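Everything below belongs to target_22.txt, which stores compact mmCIF, C-alpha atoms.
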```
# COMPACT_ATOMS: atom_id res chain seq x y z
CA MET A 13 -55.31 5.42 -23.33
CA THR A 14 -52.13 6.51 -21.56
CA SER A 15 -51.62 6.15 -17.82
CA PRO A 16 -51.83 9.40 -15.82
CA THR A 17 -48.48 10.92 -14.90
CA PRO A 18 -47.83 10.44 -11.17
CA PRO A 19 -47.52 13.64 -9.14
CA THR A 20 -44.01 14.93 -8.62
CA ARG A 21 -42.68 14.23 -5.14
CA LYS A 22 -39.33 15.02 -3.53
CA LEU A 23 -37.01 12.22 -2.41
CA PHE A 24 -34.10 12.74 -0.02
CA ILE A 25 -31.61 9.92 0.54
CA ARG A 26 -28.91 10.05 3.21
CA THR A 27 -26.22 7.49 2.41
CA TYR A 28 -23.91 6.02 5.03
CA GLY A 29 -20.86 3.80 4.61
CA CYS A 30 -19.37 2.10 1.60
CA GLN A 31 -19.35 2.76 -2.13
CA MET A 32 -21.88 -0.03 -2.60
CA ASN A 33 -24.36 1.98 -0.57
CA VAL A 34 -23.71 4.95 -2.87
CA TYR A 35 -24.54 2.72 -5.83
CA ASP A 36 -27.59 1.30 -4.04
CA SER A 37 -28.88 4.80 -3.29
CA GLU A 38 -28.66 5.67 -6.99
CA ARG A 39 -30.63 2.58 -7.92
CA MET A 40 -33.25 3.22 -5.22
CA ALA A 41 -33.79 6.72 -6.61
CA GLU A 42 -34.14 5.25 -10.09
CA ALA A 43 -36.61 2.63 -8.84
CA LEU A 44 -38.80 5.34 -7.32
CA GLY A 45 -38.67 7.59 -10.40
CA PRO A 46 -41.74 6.03 -12.07
CA SER A 47 -43.67 6.73 -8.84
CA GLY A 48 -43.06 10.43 -9.37
CA TYR A 49 -40.05 10.96 -7.11
CA GLU A 50 -37.24 13.36 -7.92
CA LEU A 51 -34.09 13.65 -5.81
CA THR A 52 -33.60 16.69 -3.61
CA ASP A 53 -30.49 17.65 -1.65
CA SER A 54 -32.41 18.68 1.48
CA ALA A 55 -34.51 16.72 3.95
CA GLU A 56 -36.63 19.82 4.56
CA GLY A 57 -39.57 19.77 2.18
CA ALA A 58 -39.05 16.14 1.12
CA ASP A 59 -42.02 13.82 0.70
CA LEU A 60 -39.93 10.70 1.36
CA ILE A 61 -36.71 10.44 3.36
CA LEU A 62 -34.61 7.28 3.09
CA LEU A 63 -31.66 6.52 5.36
CA ASN A 64 -29.45 4.04 3.49
CA THR A 65 -27.51 2.60 6.40
CA CYS A 66 -24.23 0.80 7.03
CA HIS A 67 -23.58 -1.67 9.86
CA ILE A 68 -19.78 -1.73 9.72
CA ARG A 69 -18.95 1.14 12.07
CA GLU A 70 -19.27 1.17 15.85
CA LYS A 71 -22.77 1.72 17.28
CA ALA A 72 -24.19 1.95 13.75
CA ALA A 73 -27.74 1.14 14.81
CA GLU A 74 -27.75 3.70 17.63
CA LYS A 75 -26.54 6.39 15.23
CA VAL A 76 -29.46 5.60 12.93
CA TYR A 77 -31.93 5.87 15.82
CA SER A 78 -30.38 9.23 16.76
CA GLU A 79 -30.80 10.47 13.20
CA LEU A 80 -34.42 9.31 13.20
CA GLY A 81 -34.96 11.28 16.40
CA ARG A 82 -33.70 14.40 14.65
CA LEU A 83 -36.18 13.82 11.82
CA ARG A 84 -39.16 13.82 14.20
CA ALA A 85 -39.61 17.59 13.89
CA LEU A 86 -40.01 17.27 10.11
CA LYS A 87 -42.67 14.60 10.60
CA VAL A 88 -44.55 16.84 13.04
CA GLU A 89 -44.38 19.73 10.57
CA ASN A 90 -45.52 17.52 7.67
CA PRO A 91 -47.59 14.49 8.75
CA ASP A 92 -47.66 13.26 5.13
CA LEU A 93 -43.85 12.86 5.14
CA LYS A 94 -42.80 9.23 4.84
CA ILE A 95 -39.54 8.02 6.40
CA GLY A 96 -37.75 4.80 5.49
CA VAL A 97 -34.69 2.93 6.70
CA ALA A 98 -32.77 0.90 4.11
CA GLY A 99 -29.47 -0.96 3.97
CA CYS A 100 -27.61 -3.15 6.41
CA VAL A 101 -28.94 -1.71 9.68
CA ALA A 102 -32.44 -2.24 8.28
CA GLN A 103 -31.53 -5.86 7.53
CA ALA A 104 -30.05 -6.41 10.99
CA GLU A 105 -32.71 -4.60 13.03
CA GLY A 106 -35.81 -5.31 10.93
CA GLU A 107 -39.09 -4.95 12.82
CA GLU A 108 -37.26 -3.57 15.87
CA ILE A 109 -36.87 -0.26 13.98
CA LEU A 110 -40.64 0.05 13.57
CA ARG A 111 -41.12 -0.79 17.24
CA ARG A 112 -38.53 1.67 18.57
CA GLN A 113 -39.30 4.49 16.15
CA PRO A 114 -43.01 4.65 15.23
CA LEU A 115 -42.30 7.59 12.90
CA VAL A 116 -40.65 5.12 10.47
CA ASP A 117 -43.00 4.05 7.68
CA LEU A 118 -40.93 1.50 5.80
CA VAL A 119 -37.90 -0.73 6.36
CA VAL A 120 -36.13 -2.43 3.46
CA GLY A 121 -33.00 -4.59 3.38
CA PRO A 122 -30.25 -4.29 0.76
CA GLN A 123 -31.47 -7.32 -1.19
CA SER A 124 -35.05 -6.03 -1.50
CA TYR A 125 -34.77 -2.41 -2.62
CA HIS A 126 -36.17 -3.32 -6.04
CA ARG A 127 -39.46 -3.67 -4.12
CA LEU A 128 -39.33 -0.06 -2.95
CA PRO A 129 -42.19 1.14 -5.20
CA GLU A 130 -44.53 -1.44 -3.65
CA LEU A 131 -43.35 -0.63 -0.13
CA GLU A 132 -43.70 3.11 -0.72
CA ALA A 133 -47.24 2.62 -2.03
CA ARG A 134 -48.18 0.65 1.08
CA ALA A 135 -46.65 3.31 3.33
CA ARG A 136 -48.38 6.07 1.37
CA GLY A 137 -51.63 4.21 2.02
CA GLY A 138 -51.05 4.34 5.75
CA ALA A 139 -49.61 0.87 6.40
CA LYS A 140 -46.21 0.02 7.85
CA ALA A 141 -44.04 -1.66 5.20
CA LEU A 142 -41.25 -4.13 6.03
CA ASP A 143 -39.13 -6.26 3.69
CA THR A 144 -35.86 -7.77 4.91
CA ASP A 145 -36.09 -11.02 2.97
CA PHE A 146 -33.43 -12.50 0.74
CA PRO A 147 -35.72 -12.85 -2.30
CA GLU A 148 -35.14 -15.48 -4.94
CA GLU A 149 -35.63 -13.08 -7.83
CA ASP A 150 -32.64 -11.04 -9.00
CA LYS A 151 -33.16 -7.45 -7.90
CA PHE A 152 -31.06 -6.21 -10.84
CA ASP A 153 -33.39 -7.98 -13.28
CA ARG A 154 -36.37 -6.34 -11.59
CA LEU A 155 -34.77 -2.88 -11.64
CA GLY A 156 -34.32 -2.95 -15.41
CA GLY A 157 -32.47 -0.32 -17.39
CA ARG A 158 -31.10 2.92 -16.01
CA PRO A 159 -32.44 6.37 -17.00
CA LYS A 160 -30.55 8.02 -19.84
CA ALA A 161 -29.66 11.24 -17.99
CA PRO A 162 -26.04 12.42 -18.38
CA ARG A 163 -23.61 11.22 -15.73
CA GLY A 164 -20.39 12.42 -14.20
CA PRO A 165 -17.21 10.88 -15.62
CA SER A 166 -16.87 8.29 -12.81
CA ALA A 167 -19.40 5.71 -11.69
CA PHE A 168 -19.77 2.71 -9.40
CA LEU A 169 -21.11 -0.56 -10.74
CA THR A 170 -22.02 -3.42 -8.39
CA VAL A 171 -21.03 -6.81 -9.82
CA GLN A 172 -21.05 -8.99 -6.70
CA GLU A 173 -22.76 -8.95 -3.32
CA GLY A 174 -22.51 -10.88 -0.08
CA CYS A 175 -19.67 -12.91 1.37
CA ASP A 176 -19.00 -16.53 2.32
CA LYS A 177 -15.80 -15.87 4.28
CA PHE A 178 -17.38 -15.36 7.74
CA CYS A 179 -14.57 -13.33 9.25
CA ALA A 180 -15.14 -13.32 13.00
CA PHE A 181 -15.60 -9.54 13.18
CA CYS A 182 -17.89 -9.01 10.18
CA VAL A 183 -21.67 -8.71 9.79
CA VAL A 184 -21.72 -8.78 5.97
CA PRO A 185 -22.71 -12.48 5.61
CA TYR A 186 -25.69 -11.78 7.87
CA THR A 187 -26.81 -8.46 6.35
CA ARG A 188 -25.92 -8.98 2.67
CA GLY A 189 -26.18 -12.76 2.51
CA ALA A 190 -24.14 -15.35 0.64
CA GLU A 191 -21.89 -14.48 -2.28
CA ALA A 192 -23.85 -13.80 -5.45
CA SER A 193 -22.52 -12.49 -8.76
CA ARG A 194 -24.44 -10.71 -11.51
CA PRO A 195 -24.42 -12.31 -14.98
CA ALA A 196 -21.66 -10.94 -17.18
CA SER A 197 -24.13 -9.83 -19.87
CA GLN A 198 -26.01 -7.72 -17.33
CA VAL A 199 -22.84 -6.03 -16.09
CA LEU A 200 -21.59 -5.35 -19.62
CA ALA A 201 -24.97 -3.89 -20.66
CA GLU A 202 -24.96 -1.51 -17.70
CA ALA A 203 -21.36 -0.52 -18.41
CA ARG A 204 -22.17 0.26 -22.06
CA ASP A 205 -25.10 2.36 -20.92
CA LEU A 206 -22.85 4.28 -18.52
CA ALA A 207 -20.30 4.87 -21.28
CA GLU A 208 -23.00 6.24 -23.57
CA ARG A 209 -23.90 8.76 -20.87
CA GLY A 210 -20.37 10.09 -20.49
CA VAL A 211 -18.81 7.79 -17.88
CA ARG A 212 -15.10 7.24 -18.49
CA GLU A 213 -14.12 5.44 -15.28
CA ILE A 214 -15.98 2.54 -13.65
CA THR A 215 -15.25 1.11 -10.22
CA LEU A 216 -16.55 -2.43 -9.89
CA LEU A 217 -18.03 -3.09 -6.46
CA GLY A 218 -18.53 -6.14 -4.31
CA GLN A 219 -18.21 -7.10 -0.67
CA ASN A 220 -15.72 -9.63 -2.02
CA VAL A 221 -15.40 -8.41 -5.58
CA ASN A 222 -12.50 -10.59 -6.70
CA ALA A 223 -14.61 -13.67 -5.90
CA TYR A 224 -16.81 -12.66 -8.84
CA HIS A 225 -18.10 -15.71 -10.74
CA GLY A 226 -20.91 -14.43 -12.93
CA ALA A 227 -22.55 -16.54 -15.61
CA GLY A 228 -21.28 -15.80 -19.11
CA PRO A 229 -20.76 -17.42 -22.50
CA GLY A 230 -18.86 -20.66 -21.99
CA GLY A 231 -19.55 -20.87 -18.24
CA ASP A 232 -18.85 -18.73 -15.21
CA TRP A 233 -16.51 -15.78 -15.71
CA GLY A 234 -13.96 -14.66 -13.15
CA LEU A 235 -13.28 -11.00 -12.45
CA ALA A 236 -10.26 -10.91 -14.78
CA ARG A 237 -12.30 -11.98 -17.80
CA LEU A 238 -15.04 -9.51 -16.92
CA ILE A 239 -12.48 -6.70 -16.67
CA ARG A 240 -10.97 -7.61 -20.05
CA GLU A 241 -14.41 -7.40 -21.69
CA LEU A 242 -15.19 -4.12 -19.94
CA ALA A 243 -11.88 -2.66 -21.11
CA ALA A 244 -12.95 -3.27 -24.71
CA ILE A 245 -16.08 -1.08 -24.38
CA ASP A 246 -15.75 2.10 -26.39
CA GLY A 247 -15.51 5.10 -24.07
CA ILE A 248 -14.39 3.23 -20.96
CA GLU A 249 -10.85 4.41 -20.29
CA ARG A 250 -10.35 3.43 -16.65
CA LEU A 251 -11.34 0.47 -14.49
CA ARG A 252 -10.95 -0.18 -10.76
CA TYR A 253 -12.41 -2.70 -8.33
CA THR A 254 -13.00 -2.91 -4.59
CA THR A 255 -13.08 -4.58 -2.05
CA SER A 256 -10.91 -7.68 -2.43
CA HIS A 257 -9.93 -10.65 -0.29
CA PRO A 258 -6.33 -11.93 -0.51
CA ASN A 259 -7.51 -15.51 -0.99
CA ASP A 260 -9.31 -14.61 -4.23
CA MET A 261 -6.47 -12.85 -6.07
CA SER A 262 -6.24 -15.31 -8.95
CA ASP A 263 -3.32 -15.66 -11.36
CA ASP A 264 -5.31 -14.21 -14.26
CA LEU A 265 -6.39 -11.21 -12.18
CA ILE A 266 -2.79 -10.51 -11.19
CA ALA A 267 -1.78 -10.81 -14.85
CA ALA A 268 -4.52 -8.35 -15.86
CA HIS A 269 -2.85 -5.68 -13.72
CA GLY A 270 0.22 -5.90 -15.92
CA GLU A 271 -1.52 -6.38 -19.25
CA LEU A 272 -4.47 -3.94 -19.26
CA PRO A 273 -3.69 -0.20 -19.34
CA GLU A 274 -7.34 0.47 -18.51
CA LEU A 275 -6.94 -1.29 -15.13
CA MET A 276 -5.58 1.44 -12.89
CA PRO A 277 -2.40 0.93 -10.80
CA TYR A 278 -4.25 0.94 -7.49
CA LEU A 279 -5.24 -2.05 -5.36
CA HIS A 280 -7.23 -2.03 -2.14
CA LEU A 281 -6.39 -5.36 -0.50
CA PRO A 282 -7.38 -5.58 3.19
CA VAL A 283 -5.27 -7.74 5.50
CA GLN A 284 -6.62 -6.56 8.92
CA SER A 285 -3.59 -7.73 10.96
CA GLY A 286 0.05 -8.69 10.56
CA SER A 287 -0.15 -11.33 13.28
CA ASP A 288 -0.77 -14.92 12.21
CA ARG A 289 -2.35 -15.59 15.60
CA MET A 290 -4.82 -12.76 15.09
CA LEU A 291 -5.48 -13.70 11.46
CA LYS A 292 -6.43 -17.18 12.62
CA ALA A 293 -8.67 -15.76 15.35
CA MET A 294 -10.29 -13.53 12.72
CA ASN A 295 -10.91 -16.57 10.46
CA ARG A 296 -9.06 -14.89 7.61
CA LYS A 297 -7.64 -18.20 6.28
CA HIS A 298 -4.31 -16.70 5.19
CA THR A 299 -1.06 -15.79 6.93
CA ALA A 300 0.93 -12.57 6.96
CA GLU A 301 3.56 -14.28 4.78
CA ASP A 302 0.84 -15.30 2.27
CA TYR A 303 -0.21 -11.68 2.04
CA LEU A 304 3.33 -10.34 1.61
CA ARG A 305 4.11 -12.83 -1.16
CA LEU A 306 0.86 -11.85 -2.89
CA VAL A 307 1.80 -8.17 -2.76
CA GLU A 308 5.18 -9.04 -4.30
CA ARG A 309 3.46 -10.88 -7.17
CA VAL A 310 1.06 -8.04 -7.95
CA ARG A 311 3.85 -5.47 -7.82
CA ALA A 312 5.94 -7.63 -10.12
CA ALA A 313 3.08 -7.49 -12.62
CA ARG A 314 2.53 -3.74 -12.13
CA PRO A 315 5.59 -2.05 -10.56
CA ASP A 316 3.91 1.36 -10.15
CA LEU A 317 1.01 -0.11 -8.15
CA LEU A 318 -0.17 1.90 -5.14
CA MET A 319 -1.33 -0.36 -2.31
CA SER A 320 -4.23 0.36 0.03
CA GLY A 321 -5.52 -1.76 2.88
CA ASP A 322 -7.65 -2.11 6.02
CA PHE A 323 -6.47 -2.76 9.58
CA ILE A 324 -8.23 -3.57 12.83
CA VAL A 325 -6.39 -2.95 16.10
CA GLY A 326 -7.43 -4.26 19.49
CA PHE A 327 -9.11 -7.39 18.17
CA PRO A 328 -10.03 -9.70 21.09
CA GLY A 329 -6.86 -11.36 22.40
CA GLU A 330 -4.43 -9.03 20.60
CA THR A 331 -1.17 -8.63 22.53
CA GLU A 332 1.54 -6.02 22.12
CA ALA A 333 3.57 -8.62 20.21
CA ASP A 334 0.65 -9.18 17.82
CA PHE A 335 0.39 -5.45 17.26
CA GLU A 336 4.14 -5.20 16.59
CA ASP A 337 3.65 -7.85 13.90
CA THR A 338 1.09 -5.55 12.28
CA LEU A 339 3.52 -2.63 12.31
CA ALA A 340 6.16 -4.88 10.75
CA LEU A 341 3.81 -5.87 7.93
CA VAL A 342 2.93 -2.24 7.27
CA ARG A 343 6.61 -1.36 7.01
CA ALA A 344 7.19 -4.27 4.64
CA VAL A 345 4.32 -3.36 2.30
CA ASN A 346 4.71 0.44 2.35
CA TYR A 347 1.12 1.53 1.68
CA GLY A 348 0.10 4.60 -0.26
CA GLN A 349 -3.08 4.96 1.76
CA CYS A 350 -4.96 2.89 4.33
CA TYR A 351 -8.01 2.65 6.57
CA SER A 352 -7.56 1.67 10.20
CA PHE A 353 -10.03 1.17 13.02
CA LYS A 354 -10.34 0.09 16.61
CA TYR A 355 -12.19 -3.21 16.92
CA SER A 356 -15.78 -2.79 18.07
CA PRO A 357 -18.12 -5.75 18.65
CA ARG A 358 -20.92 -6.49 16.19
CA PRO A 359 -23.84 -8.37 17.78
CA GLY A 360 -24.19 -11.87 16.37
CA THR A 361 -20.57 -12.19 15.23
CA PRO A 362 -18.23 -14.70 16.92
CA ALA A 363 -15.72 -12.11 18.12
CA ALA A 364 -18.38 -10.14 19.97
CA GLU A 365 -18.56 -12.90 22.62
CA ARG A 366 -14.81 -12.92 23.34
CA ASP A 367 -12.85 -11.06 26.01
CA GLN A 368 -12.24 -7.51 24.81
CA VAL A 369 -9.02 -5.50 24.78
CA ASP A 370 -9.00 -2.45 27.06
CA GLU A 371 -10.24 0.67 25.25
CA ASP A 372 -7.19 2.74 26.23
CA VAL A 373 -4.91 0.09 24.76
CA LYS A 374 -6.91 0.11 21.51
CA THR A 375 -6.65 3.90 21.29
CA ASP A 376 -2.90 3.88 21.88
CA ARG A 377 -2.32 1.22 19.23
CA LEU A 378 -4.55 2.95 16.69
CA LEU A 379 -2.66 6.22 17.11
CA ARG A 380 0.69 4.49 16.67
CA LEU A 381 -0.50 2.61 13.59
CA GLN A 382 -2.03 5.70 12.04
CA ALA A 383 1.18 7.67 12.60
CA LEU A 384 3.09 5.07 10.58
CA LEU A 385 0.45 4.92 7.85
CA THR A 386 0.37 8.71 7.62
CA ASP A 387 4.15 8.81 7.18
CA GLN A 388 3.84 6.32 4.34
CA GLN A 389 1.03 8.26 2.66
CA VAL A 390 2.97 11.52 2.91
CA ALA A 391 6.00 9.84 1.35
CA ALA A 392 3.85 8.39 -1.46
CA GLN A 393 2.39 11.82 -2.16
CA ALA A 394 5.84 13.46 -2.15
CA ALA A 395 7.17 10.84 -4.57
CA MET A 396 4.62 12.02 -7.14
CA VAL A 397 6.15 15.51 -7.39
CA GLY A 398 7.96 15.87 -10.70
CA ARG A 399 6.02 13.03 -12.33
CA ARG A 400 3.48 13.22 -15.14
CA VAL A 401 0.19 11.46 -14.51
CA GLY A 402 -3.17 11.09 -16.20
CA VAL A 403 -5.94 12.98 -14.41
CA LEU A 404 -9.66 12.46 -15.03
CA PHE A 405 -11.24 15.84 -14.28
CA GLU A 406 -14.51 15.48 -12.37
CA LYS A 407 -15.54 18.86 -10.95
CA ALA A 408 -14.64 22.50 -10.38
CA GLY A 409 -12.20 23.27 -7.60
CA ARG A 410 -12.58 25.78 -4.80
CA MET A 411 -10.40 28.36 -6.52
CA PRO A 412 -11.51 30.23 -9.67
CA GLY A 413 -10.32 28.49 -12.84
CA GLN A 414 -9.41 25.33 -10.93
CA LEU A 415 -10.52 21.76 -11.69
CA VAL A 416 -10.20 18.68 -9.49
CA GLY A 417 -9.72 15.16 -10.72
CA LYS A 418 -8.30 11.77 -9.82
CA SER A 419 -4.90 10.45 -10.82
CA ASP A 420 -4.30 6.91 -12.02
CA HIS A 421 -3.47 6.13 -8.38
CA LEU A 422 -6.78 7.55 -7.08
CA GLN A 423 -5.15 10.65 -5.63
CA ALA A 424 -7.05 13.96 -5.79
CA VAL A 425 -5.26 16.46 -8.04
CA HIS A 426 -5.95 20.23 -8.20
CA VAL A 427 -5.09 21.91 -11.51
CA GLU A 428 -5.73 25.29 -13.13
CA ALA A 429 -7.54 24.15 -16.26
CA PRO A 430 -10.43 25.15 -18.57
CA GLU A 431 -13.92 23.73 -17.94
CA THR A 432 -13.76 22.07 -21.36
CA LEU A 433 -11.58 19.40 -19.72
CA LEU A 434 -14.37 18.27 -17.36
CA GLY A 435 -15.07 14.60 -18.04
CA ARG A 436 -11.80 14.16 -19.90
CA ILE A 437 -8.38 12.73 -19.06
CA ALA A 438 -5.37 15.01 -19.47
CA GLU A 439 -1.69 14.66 -18.67
CA VAL A 440 -0.64 16.68 -15.63
CA ALA A 441 2.80 17.47 -14.24
CA ILE A 442 2.68 17.20 -10.44
CA THR A 443 4.22 20.27 -8.80
CA GLY A 444 3.24 20.00 -5.13
CA THR A 445 1.56 17.99 -2.44
CA ALA A 446 -0.87 18.60 0.42
CA PRO A 447 -1.93 16.15 3.18
CA ASN A 448 -4.65 14.52 1.06
CA SER A 449 -4.15 15.84 -2.45
CA LEU A 450 -1.69 16.86 -5.16
CA ALA A 451 -1.25 20.04 -7.17
CA GLY A 452 -0.18 20.18 -10.79
CA VAL A 453 -0.15 21.97 -14.09
CA LEU A 454 -1.32 20.80 -17.47
CA ALA A 455 1.60 19.16 -19.27
CA GLY A 456 2.67 20.88 -22.44
```

Go ahead and express the file in the form of structure tokens.
Amino acid sequence: MTSPTPPTRKLFIRTYGCQMNVYDSERMAEALGPSGYELTDSAEGADLILLNTCHIREKAAEKVYSELGRLRALKVENPDLKIGVAGCVAQAEGEEILRRQPLVDLVVGPQSYHRLPELEARARGGAKALDTDFPEEDKFDRLGGRPKAPRGPSAFLTVQEGCDKFCAFCVVPYTRGAEASRPASQVLAEARDLAERGVREITLLGQNVNAYHGAGPGGDWGLARLIRELAAIDGIERLRYTTSHPNDMSDDLIAAHGELPELMPYLHLPVQSGSDRMLKAMNRKHTAEDYLRLVERVRAARPDLLMSGDFIVGFPGETEADFEDTLALVRAVNYGQCYSFKYSPRPGTPAAERDQVDEDVKTDRLLRLQALLTDQQVAAQAAMVGRRVGVLFEKAGRMPGQLVGKSDHLQAVHVEAPETLLGRIAEVAITGTAPNSLAGVLAG
């Protein structure tokens, strides 16, 4: 006797923050599929709304509470609607969310979303459901295989979670836990499955992805060995990884950048500051000179590498001289793109208890830094004009007959091209540049 098919329900997920949250949202939707849930692109009319939250940005928790307040009208209109909070704010706030917002039915941390079907069933039965544990079982084992629906040509694949670095500004060790790496066989199986469904480019994800040390034949594998095995999978033509820590850029990973054509010439390598005094205060455990020498080594292996990074300005104790050191490092590296932020305290982190830099000073420094970074990005974009690059076409553009894809260097490229090229890589001659994208024509 077969089990009855569960009724079809609508699931809406709002995803905040990093690429790992995008991946997590996909897996949460897959986990709830057997319970009858199908994704919808609108909160109106949904049977379950999940906010998959991020705790990195300023006032992250308050922004989640504000969003929950906006959802109250939907709950009044449909009392059967269930609302859940997932991700890092859920992990950090826990039961406080249920106390402050009674309309919330379930709260689940990023290490427990494989338990979503159980939590949803409890919430559907009228109980409040909370799970912010760090369970012993592997959530990826519990999630099992992925549905066989076709995919877009690019996909994220989480290989590592958590961090043991304890940078003074960061909540990740508290919300995602200690470093943990998925077994190599599990990652390779998921990658093969993605390739079978049309994925041509995989971005490997981890809070500290180049610290990957997953179990494999012969002992633990590092990220370089994992990438080499992934590159051998039929159908996988491009590989990327993010986010990395300078202290975990091993010799074999640097070598892989020069030896594997599938590993794209793009590296996101956060440094946060160019001041040794600030780096020590941040507990980064490297110096500015260490970072610069590392960039030299990677560029020696792959001369066409485009560098990306992260910077924090106004960290507690930062002086104008410290900030000038950051500007000097930026000039020395010459980034193709970057992310930069004003420091904002995260409760429970060491830096939150220190004397803070004046907000006006932070704003001034951020504007000056971003002006320099923008100049570098514009120059990097302009340098592409006249070159031929591979472009993986992902979607239709805004103009009729136009497709949009990503270059080897992760730059958006707009091209007049037939729809038959969607999901494929084609050579494009770059003819122009815009602030955040390139224009080109198919190479003859």

Practice task
Using all atoms listed in the file, find all polymer residues with an atom at most 12 Å away from the point (-15.5, -6.9, -19.4); report them as a PyMOL selection string.
Solution key: chain A and resi 171+195-204+214+216+226+228+233-246+248+250-252+268+272+274-275

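Comparing the minimum interatomic distances between A:Arg305 and each of A:Gly326, A:Gly270, A:Pro258, A:Gly247, counting all atoms listed in the file, we find that A:Pro258 sits nearest.
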
Handout entry: For A:Ser54: contacts at 12 Å, only C-alpha atoms, fewer than 6 positions along chain excluded, given as a PyMOL selection string
Key = chain A and resi 22-26+60-62+86

Practice task
With all atoms listed in the file counted, which protein, DNA or RNA residues have an atom no more than 12 Å from (-41.6, -6.0, 4.6) in the file frame? Please answer as number ranges by chain.
Solution key: A: 96-98, 102-103, 106-107, 109-110, 117-121, 123-125, 127-128, 130-132, 134-135, 139-147

Handout entry: Near-A:Thr170 list (8 Å; only C-alpha atoms; drop same-chain fewer than 3 positions) as a list of chain:residue names
Key = A:Met32, A:Tyr35, A:Glu173, A:Leu216, A:Leu217, A:Gly218

Write a file of the just-selected residues containing C-alpha atoms, as an mmCIF file, keeping the file's coordinate frame.
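Saved result, again22.cif, follows:
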```
data_model
loop_
_atom_site.group_PDB
_atom_site.id
_atom_site.type_symbol
_atom_site.label_atom_id
_atom_site.label_comp_id
_atom_site.auth_asym_id
_atom_site.auth_seq_id
_atom_site.Cartn_x
_atom_site.Cartn_y
_atom_site.Cartn_z
ATOM 1 C CA MET A 32 -21.880 -0.030 -2.600
ATOM 2 C CA TYR A 35 -24.540 2.720 -5.830
ATOM 3 C CA GLU A 173 -22.760 -8.950 -3.320
ATOM 4 C CA LEU A 216 -16.550 -2.430 -9.890
ATOM 5 C CA LEU A 217 -18.030 -3.090 -6.460
ATOM 6 C CA GLY A 218 -18.530 -6.140 -4.310
#
```

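Distance check against A:His280 using all atoms listed in the file: of A:Asp264, A:Glu371, A:Glu249, A:Asp322, the minimum falls on A:Asp322.
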
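Here the question is which of A:Ala293, A:Gly57, A:Ala333, A:Val345 gets nearest to A:Glu308 using all atoms listed in the file, and that residue is A:Val345.
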
Output as lines of an AutoDock Vina configuration file the centre and edge lengths (Å, one decimal) of the box along x, y and z of the file that holds every listed atom of stretch 424-434 of chain A after adding 6 Å on each side.
```
center_x = -9.7
center_y = 19.6
center_z = -13.6
size_x = 21.3
size_y = 23.3
size_z = 27.6
```

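Closest to A:Tyr186 among A:His126, A:Arg112, A:His67, A:Arg289 is A:His67, based on only C-alpha atoms.
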
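Across the structure, atom CA of A:Ala43 and atom CA of A:Arg82 are spaced 26.4 Å apart.
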
Mind completing stretch 431-442 of chain A with N, CA and C atoms? Output as a PDB file, in the frame of the given file, please?
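The resulting file, part14.pdb, is reproduced below:
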```pdb
ATOM      1  N   GLU A 431     -12.772  24.612 -18.191  1.00  0.00           N
ATOM      2  CA  GLU A 431     -13.920  23.730 -17.940  1.00  0.00           C
ATOM      3  C   GLU A 431     -14.138  22.728 -19.054  1.00  0.00           C
ATOM      4  N   THR A 432     -13.599  23.004 -20.236  1.00  0.00           N
ATOM      5  CA  THR A 432     -13.760  22.070 -21.360  1.00  0.00           C
ATOM      6  C   THR A 432     -13.111  20.718 -21.081  1.00  0.00           C
ATOM      7  N   LEU A 433     -12.240  20.665 -20.059  1.00  0.00           N
ATOM      8  CA  LEU A 433     -11.580  19.400 -19.720  1.00  0.00           C
ATOM      9  C   LEU A 433     -12.415  18.547 -18.755  1.00  0.00           C
ATOM     10  N   LEU A 434     -13.522  19.078 -18.247  1.00  0.00           N
ATOM     11  CA  LEU A 434     -14.370  18.270 -17.360  1.00  0.00           C
ATOM     12  C   LEU A 434     -14.835  17.014 -18.093  1.00  0.00           C
ATOM     13  N   GLY A 435     -14.680  15.874 -17.434  1.00  0.00           N
ATOM     14  CA  GLY A 435     -15.070  14.600 -18.040  1.00  0.00           C
ATOM     15  C   GLY A 435     -14.023  14.010 -18.949  1.00  0.00           C
ATOM     16  N   ARG A 436     -12.864  14.650 -19.023  1.00  0.00           N
ATOM     17  CA  ARG A 436     -11.800  14.160 -19.900  1.00  0.00           C
ATOM     18  C   ARG A 436     -10.542  13.861 -19.094  1.00  0.00           C
ATOM     19  N   ILE A 437      -9.660  13.049 -19.674  1.00  0.00           N
ATOM     20  CA  ILE A 437      -8.380  12.730 -19.060  1.00  0.00           C
ATOM     21  C   ILE A 437      -7.294  13.554 -19.746  1.00  0.00           C
ATOM     22  N   ALA A 438      -6.475  14.214 -18.937  1.00  0.00           N
ATOM     23  CA  ALA A 438      -5.370  15.010 -19.470  1.00  0.00           C
ATOM     24  C   ALA A 438      -4.101  14.704 -18.691  1.00  0.00           C
ATOM     25  N   GLU A 439      -2.965  14.881 -19.343  1.00  0.00           N
ATOM     26  CA  GLU A 439      -1.690  14.660 -18.670  1.00  0.00           C
ATOM     27  C   GLU A 439      -1.340  15.878 -17.822  1.00  0.00           C
ATOM     28  N   VAL A 440      -0.940  15.621 -16.581  1.00  0.00           N
ATOM     29  CA  VAL A 440      -0.640  16.680 -15.630  1.00  0.00           C
ATOM     30  C   VAL A 440       0.744  16.452 -15.035  1.00  0.00           C
ATOM     31  N   ALA A 441       1.512  17.526 -14.940  1.00  0.00           N
ATOM     32  CA  ALA A 441       2.800  17.470 -14.240  1.00  0.00           C
ATOM     33  C   ALA A 441       2.571  17.857 -12.788  1.00  0.00           C
ATOM     34  N   ILE A 442       2.908  16.966 -11.864  1.00  0.00           N
ATOM     35  CA  ILE A 442       2.680  17.200 -10.440  1.00  0.00           C
ATOM     36  C   ILE A 442       3.746  18.153  -9.907  1.00  0.00           C
TER      37      ILE A 442
END
```
